[in-house]
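Below is one structure, written out as structure tokens; the observations come after it.
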Amino acid sequence: MSAPVRNTAVVFGRLQSRELRLVAARNRAAGLQVMTIEQLACRLAGGFCRPVEDGALRKALQTALGQTALGELEEIKLLPGMVDACVGTLRKVWTARIDLSSSGEHPRLASLAALETALLALLPAGMKRPGELVDAALARVQYAPASLGNIDVHGMTELEPCWRPLLQQLAAITKVRWHAGARSVPAWLDNMGVEVVICAAAAPQRETISAASALHEAVEAMRWARQLVATGVARPGEIAIASTSPGDFDDHFLALRADANMDLHFVHGTTITASREGQAAAALADILLRGVTQRKFRRFVALARATGGPFAEFPDGWLKVLPSDAPLSSAQSWQKLLMGLTAQHWPTEADMTAQLRELVELLQSGHSGAEAAGAALLRGRALSIWKKALAAGPAASLDLTLQGMREDDCLEPSESVVWIPAAHLAASPRRFVRLLGLNSSRWPRRQSEDRLLSDHILPRERLEPLAVSEADRRDFETILRTTERQVVLSYSRRDSEGRLLGLSSLLHEMPAPTYLRRHRRADHAFSESDRLAARPEEFGAAAQAASADRCWRGWWQPILTANDGRIRAEHPVVLAALNRRQSASSLALLLRNPLGFIWRYGMKLGAPELSEEPLVLGAREFGNLVHSVLDTALQATVRQRAAGGQVDFAAAVNAGLSEIRARWEAQEPIPPDFIWNRTISDVGQLARYALESTDQRADGWSSFSEVAFGGSNPKSDAPLPWDPAQEVLIPDTSFRVSGYIDRLDVEAGNSRALVVDYKTGKVRDEFVLNGGKELQRCLYAFAVKALLGHTLVVEPSLLYLREQQSMPMTDPDAALTALKGYLNSARANLAAGNAVPGVEAADRYDDLAFALPANAAASYCRRKKMSVAELMGDATQVWEAK
């Protein structure tokens with residue numbers, strides 16, 4: 001059997017290459033080799049020659065830019081984007097075969113010539129510029145018939161000037177055919193000896209579509225493609241969606257592809273950050289460039305652990321060693337946290353603090369330690385992506401570099417609908433085509449100057465013989481002439497910001513546009529959600545839709561419905577929430593907002609913890625800080641008095657401030673230094689006043705702070721006047737209470753006790769229960785009597801620190817009697833299934849307001865107010881209590 005005749009097919013782009021190989025395999029065409037023009041030149045040149053690869057070029061540029069003096073480019077050579085600019089300019093220079101050293105006297109040309117010289121010295125010897133490849137190939141052109149055979153050029157309408165001499169010499173010694181088909185034939189092919197193969201232009205059905213926006217264009221394109229496939233009109237491999245700037249639509253198609261569950265191949269690749277590994281690299285870049293916080297750390301750990309990094313060696317649940325509400329946004333806060341960790345803090349009691357410290361130090365190394373951090377923290381493909389990003393740009397702009405990187409989506413293009421740049425579609429036509437983005441200045445695109453070689457330095461015609469606007473027009477005409485069945489032309493009426501857009505000049509002779517509304521009922525849906533939107537009757541029959549409809553109608557009605565918190569009586573969740581140990585805060589919530597009580601203590605809902613550093617401390621956080629300092633300072637005064645020395649309030653407060661400040665800076669969100677220092681100063685003044693005004697100078701008194709009772713865990717090892725585990729039951733109710741008393745002073749013999757609750761807010765008018773908001777004095781007075789004896793005289797009071805005013809409660813027993821009635825009414829109301837929004841729902845300090853309808857205080861709660869009061873009956877009386 002004779003050997004097969006060797007043939008070479010020269011193609012443009014990966015899609016055309018893969019499709020030609022598939023056709024050759026199906027036709028059993030032996031001896032065919034498919035390659036680009038660069039690969040053809042390398043094959044003929046031999047000697048392990050290869051074109052300059054993008055990765056090697058970028059890596060060499062990184063080194064050359066740092067080592068080479070670039071004259072007027074010196075000040076910008078290390079800025080983000082410089083590598084990309086140099087790659088683009090140098091490739092234009094090389095394909096145009098421009099000698100930078102002899103092209104003029106402009107300093108910019110000299111700078112780029114110096115950069116090119118340094119760059120070539122760093123590239124591997126086998127990597128050649130296009131002109132060098134052509135020269136080496138021409139020196140061995142006589143071997144073309146044996147190594148290449150007959151040459152067929154497919155799908156091209158243009159060829160860069162540097163390759164044309166090689167094509168002419170090849171045509172002189174072997175058969176070269178230019179398969180133009182219905183495409184335009186460049187004039188420079190005349191008299192080159194190349195056989196031009198042409199055919200008649202196709203006459204596809206043309207249609208013009210007017211869409212609302214770029215997203216709407218993408219949605220309509222997906223509907224169109226799905227309809228063609230579902231009706232059997234076309235196979236996926238016959239359908240293409242194209243644009244001159246596919247990046248404008250990429251995010252839309254990524255989301256729509258997942259929703260449609262349809263293979264949509266991105267010919268130009270998907271963004272790196274669309275994959276888990278790319279997200280891991282991006283999370284690491286964010287930390288190195290902007291600093292490590294707990295939120296960023298947790299995100300990176302979750303992504304890196306899934307890719308097999310060093311965090312995979314840590315036990316399950318180990319992140320619990322990090323305080324959930326601490327921002328950990330500084331090196332000092334991490335150091336303080338790590339210093340306090342012991343083996344008991346870790347889930348398996350295997351101390352891994354040293355390993356964690358090493359990894360945190362890597363994350364704190366900044367962009368200068370990017371290479372070491374990536375090697376230590378990333379694995380597999382994530383590490384490969386990281387190395388490519390470091391080679392593609394400076395470490396200081398890693399986040400921008402990662403955003404611009406792309407990868408293959410691993411779909412088979414010959415069996416998929418393709419999302420493709422227009423230039424590649426012109427080279428590899430399909431039977432059904434939809435062109436997007438046919439707006440002015442987008443198709444054709446505007447011609448712009450090169451970023452480094454402006455027109456006044458080097459004429460554009462010399463640097464780019466075929467302007468981008470002319471290339472777009474030629475691609476448009478090529479697509480129209482080579483598409484067999486249907487071409488749909490689509491444009492947007494408005495951009496993403498709502499501005500009106502003009503039409504492309506290419507649409508002037510096209511059919512009149514069909515106006516499509518954004519929320520129209522689609523003729524053929526591309527996904528389940530799209531289908532349900534087009535069939536409201538079908539969607540209305542679904543349980544989810546019926547529930548949403550009932551909720552919406554119930555929101556408008558003043559009467560209470562099941563969506564407003566009406567549940568069955570004696571619900572187990574309700575009973576469990578009522579039977580738990582209560583605090584003053586939980587009982588206040590029960591009295592004022594039964595729905596919020598069930599959400600928080602029955603369903604365990606909570607507001608999201610924001611661990612970012614605030615500008616100023618909130619009222620609640622400031623109060624917690626004051627209470628912590630007072631607790632520490634009071635214990636210091638107790639120790640001073642026990643030692644027989646004079647009590648120094650200033651020293652006690654300063655010691656408390658120092659200890660609590662260190663703890664907060666390690667575990668809590670704090671404002672900027674200037675504001676934080678001022679806050680600490682204010683806390684010190686308030687704490688000193690609190691200690692001085694409540695100090696019992698007479699003998700026989702014992703002072704306690706943050707006194708745990710009713711089963712609460714003590715906050716310190718300081719002695720307590722009772723057993724904190726002993727239960728405290730409110731008489732004539734079934735409520736057990738627990739909590740912490742801010743300050744308790746007990747006279748010798750347990751004959752008298754002073755209960756003080758600190759307040760850092762504004763002084764209010766005299767009140768007892770304040771509508772159910774303020775229960776501390778009443779409950780704390782009862783707890784002290786229950787634990788120390790009912791014969792004890794208890795004097796509860798509120799101490800407003802800013803205004804330096806005390807508000808005592810004159811008759812705590814009467815207040816407790818009234819409170820018992822209110823609590824029993826609230827319990828009976830909630831047990832009956834009336835978990836409705838109370839007077840405090842959507843209040844300014846309601847942490848669960850996010851679970852209510854939007855603008856609940858102004859509309860929803862006001863609309864339901866009368867029905868809530870009628871349903872709750874006696875349980876609302878506490879809202880009017882003084």
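Each chain of the structure tokens is named A, B, ... in the order shown, its residues numbered from 1; ligands are numbered from 1 in display order.
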Would you pick out the contacts of range 871-882 of chain A at 7 Å or less, using only C-alpha atoms, so that residues sharing its chain but fewer than 2 positions from it are not included, and give the list as an MDAnalysis selection string? chainID A and resid 592 767:772 822 825:826 829 867:869
inquiry  = For range 160-168 of chain A, find every residue with an atom within 10 Å (counting only C-alpha atoms), except residues of its own chain fewer than 3 positions away, and show them as a ChimeraX atom specification.
reply    = /A:37-38,40-41,92,94-98,130-135,137-138,141,151,153,171-173,176,188-189,191-194,464-466
Restricted to C-alpha atoms, what would the selected residues look like written as a JSON list (two decimals), in the first residue's frame?
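So again.json came out as:
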[["chain", "number", "residue", "atom", "x", "y", "z"],
["A", 37, "ILE", "CA", 0.87, 29.94, 9.99],
["A", 38, "GLU", "CA", 3.29, 30.29, 12.93],
["A", 40, "LEU", "CA", 3.97, 26.06, 9.62],
["A", 41, "ALA", "CA", 6.98, 28.37, 9.71],
["A", 92, "LYS", "CA", 2.32, 44.41, 16.45],
["A", 94, "TRP", "CA", 7.04, 41.92, 15.15],
["A", 95, "THR", "CA", 4.20, 40.97, 12.81],
["A", 96, "ALA", "CA", 4.77, 44.20, 10.86],
["A", 97, "ARG", "CA", 8.54, 43.49, 10.76],
["A", 98, "ILE", "CA", 9.47, 46.92, 12.10],
["A", 130, "PRO", "CA", 7.76, 36.06, 13.42],
["A", 131, "GLY", "CA", 10.30, 37.70, 11.11],
["A", 132, "GLU", "CA", 13.06, 35.40, 12.34],
["A", 133, "LEU", "CA", 10.84, 32.37, 11.83],
["A", 134, "VAL", "CA", 10.10, 33.48, 8.26],
["A", 135, "ASP", "CA", 13.82, 33.95, 7.52],
["A", 137, "ALA", "CA", 11.82, 28.92, 7.00],
["A", 138, "LEU", "CA", 12.85, 30.60, 3.73],
["A", 141, "VAL", "CA", 11.97, 26.28, 1.78],
["A", 151, "ILE", "CA", -0.89, 23.58, 1.46],
["A", 153, "VAL", "CA", -5.21, 28.04, 3.68],
["A", 171, "ALA", "CA", 3.63, 28.74, -3.88],
["A", 172, "ALA", "CA", 6.67, 28.64, -6.17],
["A", 173, "ILE", "CA", 7.69, 25.10, -5.16],
["A", 176, "VAL", "CA", -0.80, 26.41, -2.31],
["A", 188, "TRP", "CA", -1.89, 41.31, -2.30],
["A", 189, "LEU", "CA", -2.61, 37.68, -3.38],
["A", 191, "ASN", "CA", 0.57, 37.48, -8.93],
["A", 192, "MET", "CA", 1.76, 35.36, -5.97],
["A", 193, "GLY", "CA", 1.09, 32.04, -7.66],
["A", 194, "VAL", "CA", -1.46, 31.04, -5.05],
["A", 464, "GLU", "CA", -1.49, 47.93, 11.95],
["A", 465, "PRO", "CA", -2.05, 47.53, 8.19],
["A", 466, "LEU", "CA", -5.62, 46.38, 8.81]]
**Report entry** Backbone-only DSSP, alpha helix (DSSP H) members of range 388-557 of chain A, as number ranges by chain
**Finding:** A: 388-392, 398-404, 422-427, 460-463, 468-482, 528-534, 536-540, 543-556
Computed gap from CA of Val836 in chain A to CA of Leu595 in chain A is 4.9 Å
